[in-house]
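Shown next: data.pdb, given as PDB, C-alpha atoms.
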ATOM      1  CA  MET G   1     211.724  90.435 -54.138
ATOM      2  CA  SER G   2     213.325  93.647 -52.918
ATOM      3  CA  PHE G   3     213.384  95.102 -49.403
ATOM      4  CA  LEU G   4     214.351  98.654 -48.533
ATOM      5  CA  SER G   5     215.008  97.952 -44.870
ATOM      6  CA  GLU G   6     218.051  96.230 -43.453
ATOM      7  CA  GLU G   7     215.992  95.101 -40.461
ATOM      8  CA  ALA G   8     213.729  93.097 -42.785
ATOM      9  CA  VAL G   9     216.621  91.054 -44.180
ATOM     10  CA  PRO G  10     218.111  88.283 -42.024
ATOM     11  CA  GLU G  11     221.917  88.361 -41.702
ATOM     12  CA  GLU G  12     222.292  85.063 -43.579
ATOM     13  CA  VAL G  13     220.597  86.510 -46.679
ATOM     14  CA  ALA G  14     222.819  88.192 -49.250
ATOM     15  CA  ALA G  15     222.050  91.901 -49.258
ATOM     16  CA  GLU G  16     223.726  95.199 -49.958
ATOM     17  CA  ARG G  17     223.828  96.955 -46.612
ATOM     18  CA  GLY G  18     224.967 100.362 -45.415
ATOM     19  CA  TRP G  19     222.451 102.791 -46.905
ATOM     20  CA  ILE G  20     220.884 105.931 -45.480
ATOM     21  CA  ALA G  21     217.582 107.362 -46.725
ATOM     22  CA  VAL G  22     217.086 111.027 -47.533
ATOM     23  CA  LYS G  23     213.459 112.166 -47.700
ATOM     24  CA  LEU G  24     212.760 115.130 -49.933
ATOM     25  CA  GLU G  25     210.350 117.247 -47.940
ATOM     26  CA  GLY G  26     206.983 117.278 -49.666
ATOM     27  CA  PRO G  27     204.324 116.757 -50.500
ATOM     28  CA  PHE G  28     204.988 117.558 -54.126
ATOM     29  CA  PRO G  29     202.038 117.816 -56.507
ATOM     30  CA  PHE G  30     202.028 114.951 -58.993
ATOM     31  CA  SER G  31     202.085 117.517 -61.817
ATOM     32  CA  MET G  32     205.364 119.039 -60.574
ATOM     33  CA  THR G  33     208.223 117.737 -62.697
ATOM     34  CA  GLY G  34     211.970 117.773 -62.162
ATOM     35  CA  VAL G  35     212.018 117.649 -58.356
ATOM     36  CA  LEU G  36     214.114 114.507 -58.142
ATOM     37  CA  ALA G  37     216.342 115.557 -61.044
ATOM     38  CA  PHE G  38     217.035 118.917 -59.362
ATOM     39  CA  PHE G  39     218.047 117.142 -56.160
ATOM     40  CA  VAL G  40     220.264 114.431 -57.658
ATOM     41  CA  GLN G  41     222.037 116.660 -60.228
ATOM     42  CA  PRO G  42     224.729 117.859 -57.776
ATOM     43  CA  LEU G  43     225.200 114.270 -56.609
ATOM     44  CA  ALA G  44     225.653 113.079 -60.191
ATOM     45  CA  GLU G  45     228.140 115.878 -60.864
ATOM     46  CA  SER G  46     230.086 114.715 -57.796
ATOM     47  CA  ARG G  47     229.888 111.110 -59.025
ATOM     48  CA  ILE G  48     227.907 109.961 -55.988
ATOM     49  CA  PRO G  49     225.702 106.955 -56.792
ATOM     50  CA  VAL G  50     222.113 106.973 -55.534
ATOM     51  CA  PHE G  51     219.104 104.701 -55.374
ATOM     52  CA  ALA G  52     215.978 106.831 -55.783
ATOM     53  CA  PHE G  53     212.329 105.941 -55.475
ATOM     54  CA  SER G  54     209.118 107.895 -55.281
ATOM     55  CA  THR G  55     205.687 107.605 -53.790
ATOM     56  CA  TYR G  56     202.652 109.551 -54.906
ATOM     57  CA  ASP G  57     203.789 112.805 -53.263
ATOM     58  CA  THR G  58     207.269 112.211 -51.796
ATOM     59  CA  ASP G  59     210.695 111.329 -53.191
ATOM     60  CA  TYR G  60     213.420 109.389 -51.385
ATOM     61  CA  VAL G  61     217.108 109.063 -52.224
ATOM     62  CA  LEU G  62     219.257 106.335 -50.702
ATOM     63  CA  LEU G  63     222.974 106.981 -50.303
ATOM     64  CA  LYS G  64     225.733 104.620 -49.266
ATOM     65  CA  LEU G  65     226.974 105.533 -45.782
ATOM     66  CA  GLU G  66     230.520 106.086 -47.035
ATOM     67  CA  ASN G  67     229.225 108.821 -49.405
ATOM     68  CA  VAL G  68     227.139 110.805 -46.916
ATOM     69  CA  GLU G  69     229.708 113.517 -46.089
ATOM     70  CA  GLN G  70     230.555 114.085 -49.750
ATOM     71  CA  ALA G  71     226.837 114.149 -50.596
ATOM     72  CA  GLU G  72     226.096 116.713 -47.879
ATOM     73  CA  ALA G  73     228.885 118.932 -49.187
ATOM     74  CA  ALA G  74     227.648 118.672 -52.794
ATOM     75  CA  LEU G  75     224.047 119.367 -51.801
ATOM     76  CA  ASN G  76     224.996 122.303 -49.561
ATOM     77  CA  ALA G  77     227.130 123.805 -52.338
ATOM     78  CA  ALA G  78     224.119 123.541 -54.666
ATOM     79  CA  GLY G  79     221.934 125.436 -52.195
ATOM     80  CA  HIS G  80     219.945 122.535 -50.761
ATOM     81  CA  ILE G  81     219.221 122.783 -47.062
ATOM     82  CA  GLN G  82     218.860 120.040 -44.490
ATOM     83  CA  LEU G  83     215.735 120.429 -42.392
ATOM     84  CA  GLY G  84     216.552 117.772 -39.828
ATOM     85  CA  LYS G  85     217.607 114.234 -39.180
ATOM     86  CA  GLU G  86     215.206 111.501 -38.122
ATOM     87  CA  ALA G  87     216.348 108.672 -35.942
ATOM     88  CA  GLY G  88     216.417 105.325 -37.609
TER      89      GLY G  88
END

Rewrite the coordinates I just gave you, this time as structure tokens.
Amino acid sequence: MSFLSEEAVPEEVAAERGWIAVKLEGPFPFSMTGVLAFFVQPLAESRIPVFAFSTYDTDYVLLKLENVEQAEAALNAAGHIQLGKEAG
């Protein structure tokens, strides 16, 4: 079983912690291809590992906290813009 929330995993359970979620602002039509690839390409070129998952109309990319500044720089250099930060 996998959980994507640190709050859902008790401290005594082995888990990889320290992730932040980035929501790609959608919705994206299901027929639109390459959205996630376009977003993660600059991260891959900067050798930043990601954990990506998608819902019907939205994509999410999880980044390790220690890679957030480098990821922001790579994404900004590629022309991606940050619309806002949600608390969480």

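For the atom pair formed by atom CA of G:Met32 and atom CA of G:Asn67, the distance is 28.3 Å, given to one decimal.
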
Option closest in space to G:Glu72, from G:Glu12, G:Ser54, G:Val22, G:Thr33 [counting only C-alpha atoms] =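 The shortest atom-to-atom distance to G:Glu72 comes from G:Val22.
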
Here's the selection I'm unsure about, the PyMOL selection byres ((chain G and resi 74) around 12); applied to the file above, which residues does it give, as a VMD selection string? chain G and resid 39 to 48 67 to 73 75 to 81

Problem - Selection dump of the PyMOL selection byres ((chain G and resi 26) around 7), as an MDAnalysis selection string - result: chainID G and resid 24:25 27:28 57:58

For G:Tyr56, which residue among G:Ile20, G:Ala14, G:Phe30, G:Ala8 is the nearest when counting only C-alpha atoms?
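Checking each of G:Ile20, G:Ala14, G:Phe30, G:Ala8 against G:Tyr56, counting only C-alpha atoms, the winner is G:Phe30.
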
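Proximity ranking of G:Pro10, G:Ala15, G:Pro29, G:Ala37 relative to G:Phe53 places G:Ala37 first, based on only C-alpha atoms.
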
In Å, how far is it from atom CA of G:Lys64 to atom CA of G:Gly18?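 Distance reported for this atom pair: 5.8 Å.
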
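Separating atom CA of G:Ala52 from atom CA of G:Glu11 is a distance of 24.0 Å.
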